[in-house]
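S.K.: Once you've had a glance at the structure underneath, I'll fire off some questions.
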Amino acid sequence: MKDEPHINSKLPDVGTTIFTVMSQMAHDHQAINLSQGYPDYDGPRALLERLQFYAGNGHNQYAPLAGIPALREQIVRKVERHYGALVDANEEVTVTPGATEAIFCAVHAVVHPGDEVIMFDPVYDCYDPAVRLAGGVPVHLVLPAPGFGIDWAAVRQALTPRTRAIIVNTPHNPTGSVLSAEDIAALTEIAERHDLFVISDEVYEHLVFDRRRHESVLRHERLRRRSFAIFSFGKTYHVTGWKTGYCIAPPALTRELRRVHQFVAFVAFTPVQYALADFMAACPEHLDELPAFYERKRDRFNAALAGSRFRFSPSAGTFFQLVDYGAISDAEDLEVVRWLTQEIGVAAIPMSVFYKSPPGDRYVRFCFCKEDATLDRAAAILGGL
Ligand code: PMP
Ligand code: GLN
């Protein structure tokens, strides 16, 4: 008799996420942490005060399954103002404990065993496991460097009768690329022709630079009809630890999403929802200021790196900057981030972990959602390599 049960892991190849590993390494070696994407500054004071208020005044029990009405109403206003989309607060908006949970629920809502789901490497780490846990088959296509745009001819070739869904992410983590209106047209044509669902991860919707426009699926009526559009308050209000996001989808898709969501998390955090609703109503301009806020940070960091041996083109979106370290080292990126973190004192994320078959490129990702002083210190160190 064995005294331990036999475990047949559902995700045998999956270790601890790279974000956790690198943040821990940064902490252990007191490196400046430009790895995991979270700010070293706080959310707006007025927002934090609203949370204190609601947590201190009895708003601490379960919220409604879909989210509190006041927050869903603010979300409706916001997507009308930004994307011209008219969505129904009751039937199309679901507040979730983070975008990650929304992605998981969207996948589980529509993916059946054996269904194929197209995704693009370098791919955000939660998509593939979510699909596999649903019994689906992830189909990994590659975004060709250095532009990291979608090769639509490759998508068309990858389609089979089992293809059920396609997961897109714009602005894109980790490369910083963004989808264009032409990309959306291609996506719409393919999704309609092959009757696919689209899961559109738009958590960096407001972090789009150089006067580009965020091509939300919500702007495009035909695409919207078959899409789950997923957002995160964490990025937008500098509160990643609040783990609150939302999904907008047509009523039939929302019903399926909620069927799953009610048994995964059931609801999102009550006082956080009240705080966000108040702040969104009081301060809509926060969202208008975000692109410039992050564009300045990107430019400050990149200007300081310009004289270094890292090569890069400025990120088009997100708070990440991809850099090619090929002129500095021939080593693999996992080794390079260990060296950067432990010996040089600046932590980064390696790119290879976001690929099913790493192409052997020489990229690492730095995040620039940091105080200017933090960015300056990091860039000064990196500039000397
Ligand atoms: N998608 C992408 C592309 C992300 O970068 C992140 C977050 N860090 C998420 C989803 C998850 O967001 P949340 O923290 O709201 O779950
Ligand atoms: N999305 C964040 C990043 O890319 C990290 C989120 C997480 O740790 N799961 O850095």
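Note on naming: chains are A, B, ... as they come in the structure tokens, residues start from 1 per chain, ligands start from 1 in the order shown.
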Skipping near chain neighbours, those fewer than 4 positions away, what residues fall within 6 Å of segment 306-321 of chain A using only C-alpha atoms, listed as number ranges by chain?
M.R.: A: 171, 176-177, 204, 207-209, 302, 325, 365-369, 383
S.K.: Compute the set of protein, DNA and RNA residues whose minimum atom distance to ligand 1 is at most 7 Å, using only C-alpha atoms and all ligand atoms, and state it as a ChimeraX atom specification.
M.R.: /A:37,98-101,124,169,172-173,201,203,232-234,240,243-245
S.K.: Residues up to 7 Å from ligand 2, counting only C-alpha atoms and all ligand atoms: could you list those as a ChimeraX atom specification?
M.R.: /A:19-20,35-38,173-174
S.K.: Each residue of segment 7-51 of chain A lying at most 10 Å from segment 345-350 of chain A should get a row with its shortest atom-to-atom pair and the distance in Å to one decimal, counting only C-alpha atoms; could you produce that, ordered by chain and increasing number, as CSV?
M.R.:
```
residue,atom,partner,partner_atom,distance
A:Ile18,CA,A:Ile349,CA,7.3
A:Phe19,CA,A:Ile349,CA,7.4
A:Val21,CA,A:Ile349,CA,9.6
A:Met22,CA,A:Ala347,CA,6.8
A:Ser23,CA,A:Ala347,CA,7.7
A:Gln24,CA,A:Ala347,CA,9.9
A:Met25,CA,A:Ala347,CA,7.9
A:Ala26,CA,A:Ala347,CA,5.7
A:His27,CA,A:Ala347,CA,9.4
A:His29,CA,A:Gly345,CA,7.4
A:Gln30,CA,A:Gly345,CA,7.0
A:Ala31,CA,A:Gly345,CA,4.1
A:Ile32,CA,A:Val346,CA,4.7
A:Asn33,CA,A:Ala347,CA,4.9
A:Leu34,CA,A:Ala347,CA,5.2
A:Ser35,CA,A:Ala348,CA,4.1
A:Gln36,CA,A:Ile349,CA,7.2
A:Gly37,CA,A:Ile349,CA,9.5
```
S.K.: Report the distance between atom CA of Glu332 of chain A and atom CA of Asp376 of chain A in Å, rounded to one decimal place.
M.R.: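 One can read the atom CA of Glu332 of chain A to atom CA of Asp376 of chain A distance as 26.1 Å.
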S.K.: In Å to one decimal, how far is atom CA of Leu253 of chain A from atom CA of Ser227 of chain A?
M.R.: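 Result for atom CA of Ser227 of chain A versus atom CA of Leu253 of chain A: 8.0 Å, one decimal.
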